[in-house]
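Trainee: My questions will all concern the structure given below.
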Protein chains: 2
Amino acid sequence: MKVKDKKSRKTKNINLVIVGSIALDTIITPKSKMKGLLGGSLSYACLAASFLERCGMVGIVGSDFPKKHIQLYRKSGIDILGLHIAKGKTFRWTGEYSGNMNERRTISTELNVFANFSPEIPPAYRNAPFVLLCNIAPQLQLRVLSQINKPAFVIADTMDLWIRNEPVALKKIIQSIDMLTINESEARLLTGKYDIRQYTKALHSMGVKWVVIKKGEHGSVLSVNKRFFFIPSYPVHQTIDPTGAGDTFAGALIGWLANTQNIELTNVLSGILYATAMASFCVEGFGLSKLIKLRFGRQKNSQLFERIIEISSSMTFPNVPKTPQD
Amino acid sequence: MKVKDKKSRKTKNINLVIVGSIALDTIITPKSKMKGLLGGSLSYACLAASFLERCGMVGIVGSDFPKKHIQLYRKSGIDILGLHIAKGKTFRWTGEYSGNMNERRTISTELNVFANFSPEIPPAYRNAPFVLLCNIAPQLQLRVLSQINKPAFVIADTMDLWIRNEPVALKKIIQSIDMLTINESEARLLTGKYDIRQYTKALHSMGVKWVVIKKGEHGSVLSVNKRFFFIPSYPVHQTIDPTGAGDTFAGALIGWLANTQNIELTNVLSGILYATAMASFCVEGFGLSKLIKLRFGRQKNSQLFERIIEISSSMTFPNVPKTPQD
């Protein structure tokens, strides 16, 4: 369905819809403190997806939201018909990373306009075959999903907050989607199981076919049809700020799938490899800075391919070893 | 050189020498407490190596050391000419694993006879081309190494205790060996660097060509000649007790290399894959129990091959992805 209005003259053929949060972040690491960074799961996921596919963003910001950020979305080829600008302040989040950059502590959360967010999907988005439900309340994820006509492939992400506070709605979401991306610690929290063989089994039994376990610097594991696939992370040059790496990963993956229009196993694996390379850029700068540089850099593709090749070759392996003489 | 004496009529052609600790362990996990288990880095490493290669063990126990354990060594095809039985009590170690089984706390260490251990290498071992220096004081590792004539390939392991207390001797060992196996957290502690690209560079600059970063359930990374190779772990059925997994890994790897007599990259990688499968059995039982079952089980080889194939196939991956249409 095509729609033309003043706000989105270019809105057409939206194959990919992404819903999530938009935030102004304060990020504290052992070495630095950065204030007022553009963040939120939706910003990371849409920017990452935009490398390959125009996506429709569904989110909310306040009237204080800097115009330059909206310009960035537009310039990246993100459709903002589904972006609601409400009276009030934009959602703000402050987080701190400790010595081990894998450990994050939320210092403060000011929901502001996000507190009353009730996502409405523009008609132009309702036939999108690919959907990414970034980490927001599972009730909101369900609300978005219910407004889209039989999508072909839906990925959802979540976090510990919803596992603890909204387990019923979360389980509804899990049985309604095709792929769940989830951190290792969250998979354990949600299932009460420690070993990957056990917690992935428990997740599949909730009704989802594809499970991607995100392990940060340790890479990721795809569990599907009783098989595991391990994808190492790219050995980054320096971890500056891990915020948004998981959203970048999910955004890049759904962008790949929407662009290739192929959800066979081998293509999903290629997409995960591509998404792993993209996420490796994310952590090498504060907030979105490195992704933005990459997105608008002249060597965008060669830089991405270089990392994809390096990840692939780190998995290049001799055949199953022969039996040595006993 | 062949040696015949009453104690070791079978000592001949020792291609592989392993030095390390022998202990009687008490292990506490969230679910159980087990006392008086046979343990120590040497026990794990020799038992693992013995699947493929007869090895000479260099270690010390007290007069209280149960005879059945010595029988186990012998039965496994471990040469005990280098095993010193001293007056006094055997080394004892008590450790506790917390909810996340990756975190270990040492509750008590009674060195006993180990306090005065000064390893003497039997003449029959002095031309062994393959040497594994398990985790003991780096001074003792150096002492062993100095008694062996130009070995072809030496692997050493270490731990945080020596990184903190004996950095000078440890650095001497690192520049004298071919391969260092080290936990990720220890690599960071030793080098003061967080990212793998940085800490492996720092380790190579200490003078060691091959570095294997052990990441437990997250697998391992081989860093050599400016390339990284990622090897996923086997998704175990249940983690019961992680004690000795690293020693099992190192023992299986040096056993593979000694047996194949080939230290080319592709064979080292095959060895790491094999060692990964072996270590996965180790963590599925208390102490050495699962390894012993496997060692003397009728289906030893088929069980190992099954896991090697599963690890390999979890890395089986489509070629470097093609560029989707932009």
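To be explicit about the labels: the chains of the structure tokens are called A, B, and onward in the order shown, and within each one the residues are counted from 1, while ligands get numbers from 1 in the order they are shown.
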Got a sec to align chain B on chain A by every in-order Cα pair and hand back the fitted coordinates as a CSV table (one decimal) with C-alpha atoms, in the first residue's frame?

Mentor:
chain,number,residue,atom,x,y,z
B,1,MET,CA,0.2,0.2,0.0
B,2,LYS,CA,1.5,3.7,-0.9
B,3,VAL,CA,0.9,6.7,1.2
B,4,LYS,CA,1.7,10.3,0.4
B,5,ASP,CA,1.5,13.1,2.9
B,6,LYS,CA,3.5,16.1,3.6
B,7,LYS,CA,5.5,14.5,6.3
B,8,SER,CA,6.7,11.5,4.3
B,9,ARG,CA,6.4,12.0,0.6
B,10,LYS,CA,8.9,9.2,0.1
B,11,THR,CA,6.9,6.6,2.1
B,12,LYS,CA,6.5,3.7,-0.2
B,13,ASN,CA,7.2,0.0,-0.3
B,14,ILE,CA,8.1,-0.3,3.4
B,15,ASN,CA,9.3,-3.8,3.7
B,16,LEU,CA,10.6,-3.4,7.2
B,17,VAL,CA,9.1,-2.0,10.3
B,18,ILE,CA,11.1,-1.5,13.5
B,19,VAL,CA,9.6,-0.4,16.9
B,20,GLY,CA,11.6,0.5,20.0
B,21,SER,CA,12.8,3.3,22.2
B,22,ILE,CA,14.5,6.6,21.4
B,23,ALA,CA,16.5,8.1,24.2
B,24,LEU,CA,18.9,10.7,25.1
B,25,ASP,CA,21.7,8.8,26.9
B,26,THR,CA,24.3,9.6,29.5
B,27,ILE,CA,27.0,7.0,29.3
B,28,ILE,CA,29.7,6.5,31.9
B,29,THR,CA,32.7,4.3,31.3
B,30,PRO,CA,35.8,3.8,33.4
B,31,LYS,CA,37.5,6.5,31.2
B,32,SER,CA,34.8,8.9,30.2
B,33,LYS,CA,31.3,10.4,30.7
B,34,MET,CA,29.2,11.5,27.7
B,35,LYS,CA,25.9,13.3,28.1
B,36,GLY,CA,22.9,13.8,25.8
B,37,LEU,CA,23.9,11.2,23.2
B,38,LEU,CA,21.3,10.0,20.7
B,39,GLY,CA,20.4,6.5,21.8
B,40,GLY,CA,17.6,4.0,22.4
B,41,SER,CA,17.1,0.6,20.8
B,42,LEU,CA,15.2,2.1,17.9
B,43,SER,CA,18.0,4.5,16.9
B,44,TYR,CA,20.6,1.8,16.8
B,45,ALA,CA,18.5,-0.8,15.1
B,46,CYS,CA,17.2,1.6,12.4
B,47,LEU,CA,20.6,3.1,11.6
B,48,ALA,CA,22.0,-0.4,11.3
B,49,ALA,CA,19.1,-1.7,9.1
B,50,SER,CA,19.4,1.4,6.9
B,51,PHE,CA,22.7,0.3,5.4
B,52,LEU,CA,20.7,-2.2,3.3
B,53,GLU,CA,17.0,-1.4,3.6
B,54,ARG,CA,14.7,1.5,4.0
B,55,CYS,CA,12.8,0.9,7.3
B,56,GLY,CA,9.8,2.5,8.9
B,57,MET,CA,10.5,3.5,12.5
B,58,VAL,CA,7.8,3.4,15.2
B,59,GLY,CA,8.7,5.3,18.3
B,60,ILE,CA,8.1,8.4,20.3
B,61,VAL,CA,10.2,11.5,21.3
B,62,GLY,CA,9.4,14.7,23.2
B,63,SER,CA,9.2,18.2,21.9
B,64,ASP,CA,12.8,18.8,23.2
B,65,PHE,CA,14.2,16.2,20.8
B,66,PRO,CA,16.9,17.9,18.7
B,67,LYS,CA,16.0,18.4,15.1
B,68,LYS,CA,19.5,17.3,14.0
B,69,HIS,CA,18.6,13.8,15.2
B,70,ILE,CA,15.5,13.6,13.0
B,71,GLN,CA,17.6,14.9,10.1
B,72,LEU,CA,20.0,12.0,10.8
B,73,TYR,CA,17.2,9.5,10.6
B,74,ARG,CA,15.9,11.0,7.3
B,75,LYS,CA,19.4,11.3,5.8
B,76,SER,CA,20.0,7.6,6.6
B,77,GLY,CA,16.9,6.6,4.6
B,78,ILE,CA,14.8,5.9,7.7
B,79,ASP,CA,11.0,6.5,7.2
B,80,ILE,CA,9.7,8.6,10.1
B,81,LEU,CA,6.0,8.4,9.4
B,82,GLY,CA,5.7,6.3,12.5
B,83,LEU,CA,7.7,8.6,14.7
B,84,HIS,CA,5.5,10.4,17.1
B,85,ILE,CA,6.6,13.8,18.5
B,86,ALA,CA,4.7,14.3,21.8
B,87,LYS,CA,4.5,17.3,24.2
B,88,GLY,CA,7.0,16.8,27.0
B,89,LYS,CA,10.5,15.5,27.4
B,90,THR,CA,12.2,12.7,25.5
B,91,PHE,CA,13.1,9.5,27.4
B,92,ARG,CA,16.4,9.7,29.1
B,93,TRP,CA,18.7,7.0,30.3
B,94,THR,CA,21.9,7.0,32.3
B,95,GLY,CA,24.1,3.9,32.4
B,96,GLU,CA,27.5,3.0,33.7
B,97,TYR,CA,30.0,0.4,32.6
B,98,SER,CA,32.4,-1.1,35.1
B,99,GLY,CA,36.0,-2.3,34.6
B,100,ASN,CA,34.7,-5.3,32.8
B,101,MET,CA,32.7,-3.5,30.0
B,102,ASN,CA,30.3,-6.4,29.9
B,103,GLU,CA,28.7,-5.3,33.2
B,104,ARG,CA,26.2,-2.5,32.9
B,105,ARG,CA,24.4,-0.7,35.7
B,106,THR,CA,21.4,1.6,35.0
B,107,ILE,CA,21.9,4.8,37.1
B,108,SER,CA,18.7,6.5,36.2
B,109,THR,CA,15.7,6.1,33.8
B,110,GLU,CA,13.4,9.0,33.1
B,111,LEU,CA,10.6,7.7,30.9
B,112,ASN,CA,9.0,11.1,30.2
B,113,VAL,CA,6.9,10.8,27.0
B,114,PHE,CA,7.7,7.2,26.7
B,115,ALA,CA,5.6,6.5,29.8
B,116,ASN,CA,2.4,6.9,27.8
B,117,PHE,CA,3.6,5.5,24.5
B,118,SER,CA,0.9,3.5,22.7
B,119,PRO,CA,2.3,2.7,19.3
B,120,GLU,CA,0.1,3.3,16.3
B,121,ILE,CA,1.2,1.8,13.0
B,122,PRO,CA,0.8,4.0,10.0
B,123,PRO,CA,-1.3,2.2,7.2
B,124,ALA,CA,1.8,2.3,5.0
B,125,TYR,CA,3.6,0.0,7.3
B,126,ARG,CA,0.9,-2.6,7.9
B,127,ASN,CA,1.9,-5.0,5.1
B,128,ALA,CA,5.6,-5.0,5.9
B,129,PRO,CA,6.8,-8.6,5.7
B,130,PHE,CA,9.8,-8.0,8.0
B,131,VAL,CA,9.4,-6.7,11.6
B,132,LEU,CA,11.8,-6.0,14.4
B,133,LEU,CA,10.4,-5.5,17.9
B,134,CYS,CA,13.3,-4.0,19.8
B,135,ASN,CA,13.6,-4.1,23.5
B,136,ILE,CA,10.5,-2.3,24.9
B,137,ALA,CA,7.6,-3.5,27.1
B,138,PRO,CA,6.3,-6.8,25.7
B,139,GLN,CA,2.7,-5.3,25.8
B,140,LEU,CA,3.9,-2.6,23.4
B,141,GLN,CA,5.6,-5.2,21.2
B,142,LEU,CA,2.3,-7.2,21.1
B,143,ARG,CA,0.4,-4.0,20.3
B,144,VAL,CA,2.6,-3.3,17.3
B,145,LEU,CA,2.5,-6.9,16.1
B,146,SER,CA,-1.3,-7.0,16.2
B,147,GLN,CA,-1.4,-4.1,13.7
B,148,ILE,CA,0.7,-5.8,11.1
B,149,ASN,CA,-0.8,-8.2,8.5
B,150,LYS,CA,0.8,-11.6,8.7
B,151,PRO,CA,4.5,-10.6,8.5
B,152,ALA,CA,6.9,-13.2,7.0
B,153,PHE,CA,9.6,-12.9,9.7
B,154,VAL,CA,9.5,-11.2,13.1
B,155,ILE,CA,12.4,-10.8,15.4
B,156,ALA,CA,12.0,-9.6,19.0
B,157,ASP,CA,14.5,-8.6,21.6
B,158,THR,CA,13.9,-8.2,25.3
B,159,MET,CA,15.7,-7.5,28.6
B,160,ASP,CA,15.9,-8.6,32.2
B,161,LEU,CA,13.4,-5.9,33.3
B,162,TRP,CA,10.6,-7.5,31.3
B,163,ILE,CA,11.6,-11.0,32.3
B,164,ARG,CA,11.2,-10.0,35.9
B,165,ASN,CA,8.2,-7.8,35.7
B,166,GLU,CA,6.2,-8.9,32.7
B,167,PRO,CA,6.7,-12.7,32.2
B,168,VAL,CA,3.2,-13.4,31.0
B,169,ALA,CA,3.2,-10.8,28.2
B,170,LEU,CA,6.8,-11.7,27.3
B,171,LYS,CA,5.8,-15.4,26.9
B,172,LYS,CA,3.0,-14.3,24.6
B,173,ILE,CA,5.4,-12.4,22.5
B,174,ILE,CA,7.8,-15.3,22.3
B,175,GLN,CA,5.2,-17.6,21.0
B,176,SER,CA,4.1,-15.0,18.4
B,177,ILE,CA,7.5,-14.4,16.7
B,178,ASP,CA,9.9,-16.2,14.5
B,179,MET,CA,13.2,-15.3,16.2
B,180,LEU,CA,14.2,-14.2,19.7
B,181,THR,CA,17.5,-12.4,20.2
B,182,ILE,CA,18.4,-12.5,23.9
B,183,ASN,CA,21.5,-12.1,26.0
B,184,GLU,CA,23.0,-15.2,27.6
B,185,SER,CA,22.3,-14.0,31.1
B,186,GLU,CA,18.7,-13.1,30.2
B,187,ALA,CA,18.1,-16.5,28.7
B,188,ARG,CA,19.3,-18.1,32.0
B,189,LEU,CA,17.1,-15.7,34.0
B,190,LEU,CA,14.0,-16.4,31.8
B,191,THR,CA,14.3,-20.2,31.8
B,192,GLY,CA,16.1,-20.9,35.1
B,193,LYS,CA,18.5,-23.1,33.2
B,194,TYR,CA,22.3,-22.6,33.2
B,195,ASP,CA,23.6,-24.7,30.2
B,196,ILE,CA,23.0,-23.6,26.7
B,197,ARG,CA,21.5,-26.9,25.6
B,198,GLN,CA,19.0,-26.6,28.4
B,199,TYR,CA,18.0,-23.0,28.1
B,200,THR,CA,17.6,-23.0,24.4
B,201,LYS,CA,15.4,-26.1,24.7
B,202,ALA,CA,13.3,-24.2,27.2
B,203,LEU,CA,13.0,-21.2,24.9
B,204,HIS,CA,12.0,-23.3,21.9
B,205,SER,CA,9.4,-25.0,24.0
B,206,MET,CA,7.8,-21.5,24.5
B,207,GLY,CA,7.1,-21.6,20.8
B,208,VAL,CA,9.9,-19.8,19.0
B,209,LYS,CA,11.8,-21.5,16.1
B,210,TRP,CA,14.9,-19.4,15.9
B,211,VAL,CA,16.9,-18.3,19.0
B,212,VAL,CA,20.0,-16.2,18.9
B,213,ILE,CA,21.9,-16.1,22.1
B,214,LYS,CA,24.0,-12.9,22.3
B,215,LYS,CA,27.2,-13.2,24.2
B,216,GLY,CA,28.9,-9.9,23.6
B,217,GLU,CA,32.6,-10.2,23.0
B,218,HIS,CA,32.1,-14.0,22.9
B,219,GLY,CA,30.0,-13.9,19.8
B,220,SER,CA,26.6,-15.4,19.4
B,221,VAL,CA,24.9,-18.8,19.0
B,222,LEU,CA,22.1,-19.6,16.7
B,223,SER,CA,19.9,-22.4,17.9
B,224,VAL,CA,17.4,-23.8,15.3
B,225,ASN,CA,16.0,-27.2,14.4
B,226,LYS,CA,18.1,-28.9,17.1
B,227,ARG,CA,21.3,-27.5,15.8
B,228,PHE,CA,23.7,-24.9,17.2
B,229,PHE,CA,25.8,-22.5,15.1
B,230,PHE,CA,28.5,-20.5,16.7
B,231,ILE,CA,29.5,-17.1,15.3
B,232,PRO,CA,32.6,-15.5,16.9
B,233,SER,CA,32.6,-11.8,17.5
B,234,TYR,CA,35.0,-9.6,15.6
B,235,PRO,CA,38.1,-8.9,17.7
B,236,VAL,CA,37.6,-5.1,18.0
B,237,HIS,CA,40.4,-2.7,18.2
B,238,GLN,CA,39.2,-1.1,21.4
B,239,THR,CA,35.9,-1.4,23.3
B,240,ILE,CA,34.8,2.2,23.9
B,241,ASP,CA,31.1,1.8,24.7
B,242,PRO,CA,29.0,-1.4,24.3
B,243,THR,CA,25.7,0.5,24.4
B,244,GLY,CA,23.4,-0.5,21.5
B,245,ALA,CA,25.5,-3.4,20.2
B,246,GLY,CA,22.6,-5.8,20.6
B,247,ASP,CA,20.2,-3.4,18.9
B,248,THR,CA,22.7,-2.8,16.1
B,249,PHE,CA,23.1,-6.6,15.6
B,250,ALA,CA,19.3,-7.1,15.5
B,251,GLY,CA,18.8,-4.1,13.1
B,252,ALA,CA,21.6,-5.2,10.8
B,253,LEU,CA,20.2,-8.8,10.7
B,254,ILE,CA,16.6,-7.8,9.9
B,255,GLY,CA,17.9,-5.3,7.4
B,256,TRP,CA,19.8,-8.2,5.7
B,257,LEU,CA,16.8,-10.5,5.7
B,258,ALA,CA,14.5,-7.8,4.4
B,259,ASN,CA,16.9,-6.9,1.7
B,260,THR,CA,17.7,-10.5,0.6
B,261,GLN,CA,14.1,-11.6,1.2
B,262,ASN,CA,15.3,-15.0,2.1
B,263,ILE,CA,14.8,-16.7,5.4
B,264,GLU,CA,16.6,-20.0,4.7
B,265,LEU,CA,19.1,-21.1,7.2
B,266,THR,CA,22.2,-20.4,5.1
B,267,ASN,CA,21.0,-16.8,4.5
B,268,VAL,CA,20.1,-16.3,8.1
B,269,LEU,CA,23.6,-17.4,9.1
B,270,SER,CA,25.1,-15.0,6.5
B,271,GLY,CA,22.9,-12.3,8.0
B,272,ILE,CA,24.2,-13.0,11.5
B,273,LEU,CA,27.8,-12.8,10.2
B,274,TYR,CA,27.1,-9.5,8.6
B,275,ALA,CA,25.3,-8.2,11.8
B,276,THR,CA,28.3,-9.3,13.9
B,277,ALA,CA,30.6,-7.2,11.7
B,278,MET,CA,28.2,-4.2,12.0
B,279,ALA,CA,27.9,-4.5,15.8
B,280,SER,CA,31.7,-4.6,16.1
B,281,PHE,CA,31.8,-1.0,14.8
B,282,CYS,CA,29.1,0.1,17.2
B,283,VAL,CA,31.2,-0.7,20.3
B,284,GLU,CA,34.3,1.1,19.0
B,285,GLY,CA,32.8,4.5,19.6
B,286,PHE,CA,30.5,6.3,22.0
B,287,GLY,CA,26.8,6.0,21.2
B,288,LEU,CA,26.1,5.9,17.5
B,289,SER,CA,29.2,7.8,16.6
B,290,LYS,CA,31.2,5.0,14.9
B,291,LEU,CA,28.1,3.7,13.1
B,292,ILE,CA,27.3,7.2,11.8
B,293,LYS,CA,30.9,7.6,10.5
B,294,LEU,CA,30.6,4.2,8.8
B,295,ARG,CA,27.1,4.9,7.4
B,296,PHE,CA,28.2,8.0,5.6
B,297,GLY,CA,31.8,7.1,5.0
B,298,ARG,CA,33.1,6.5,1.5
B,299,GLN,CA,34.6,3.2,2.5
B,300,LYS,CA,31.5,1.8,4.2
B,301,ASN,CA,31.3,-1.4,2.2
B,302,SER,CA,35.0,-2.2,2.1
B,303,GLN,CA,35.2,-1.7,5.8
B,304,LEU,CA,32.3,-4.0,6.4
B,305,PHE,CA,33.5,-6.6,4.0
B,306,GLU,CA,37.0,-6.6,5.5
B,307,ARG,CA,35.5,-7.5,8.9
B,308,ILE,CA,33.1,-10.1,7.4
B,309,ILE,CA,36.1,-11.7,5.8
B,310,GLU,CA,38.1,-11.6,9.0
B,311,ILE,CA,35.3,-13.2,11.0
B,312,SER,CA,34.8,-15.8,8.3
B,313,SER,CA,38.4,-16.7,8.1
B,314,SER,CA,38.7,-17.0,11.9
B,315,MET,CA,36.2,-19.9,11.5
B,316,THR,CA,38.0,-21.4,8.5
B,317,PHE,CA,39.0,-24.7,9.8
B,318,PRO,CA,40.4,-27.9,8.6
B,319,ASN,CA,38.0,-30.7,8.1
B,320,VAL,CA,36.9,-32.9,10.9
B,321,PRO,CA,40.2,-34.3,12.1
B,322,LYS,CA,41.3,-37.8,11.2
B,323,THR,CA,41.9,-40.3,13.9
B,324,PRO,CA,45.5,-40.4,14.8
B,325,GLN,CA,47.1,-43.8,15.2
B,326,ASP,CA,46.1,-45.2,18.6

Trainee: Can you list, as a list in words, all residues belonging to segment 21-117 of chain B that DSSP tags as helix (DSSP H, G or I)?

Mentor: Ser41, Leu42, Ser43, Tyr44, Ala45, Cys46, Leu47, Ala48, Ala49, Lys67, Lys68, His69, Ile70, Gln71, Leu72, Tyr73, Arg74, Lys75, Asn112, Val113, Phe114, Ala115 and Asn116 of chain B

Trainee: Can you list every residue in segment 42-275 of chain B that DSSP puts in strand (DSSP E or B), as a PyMOL selection string?

Mentor: chain B and resi 55-62+78-79+83-86+92-97+104-110+130-133+153-157+179-183+210-214+220-224+227-231
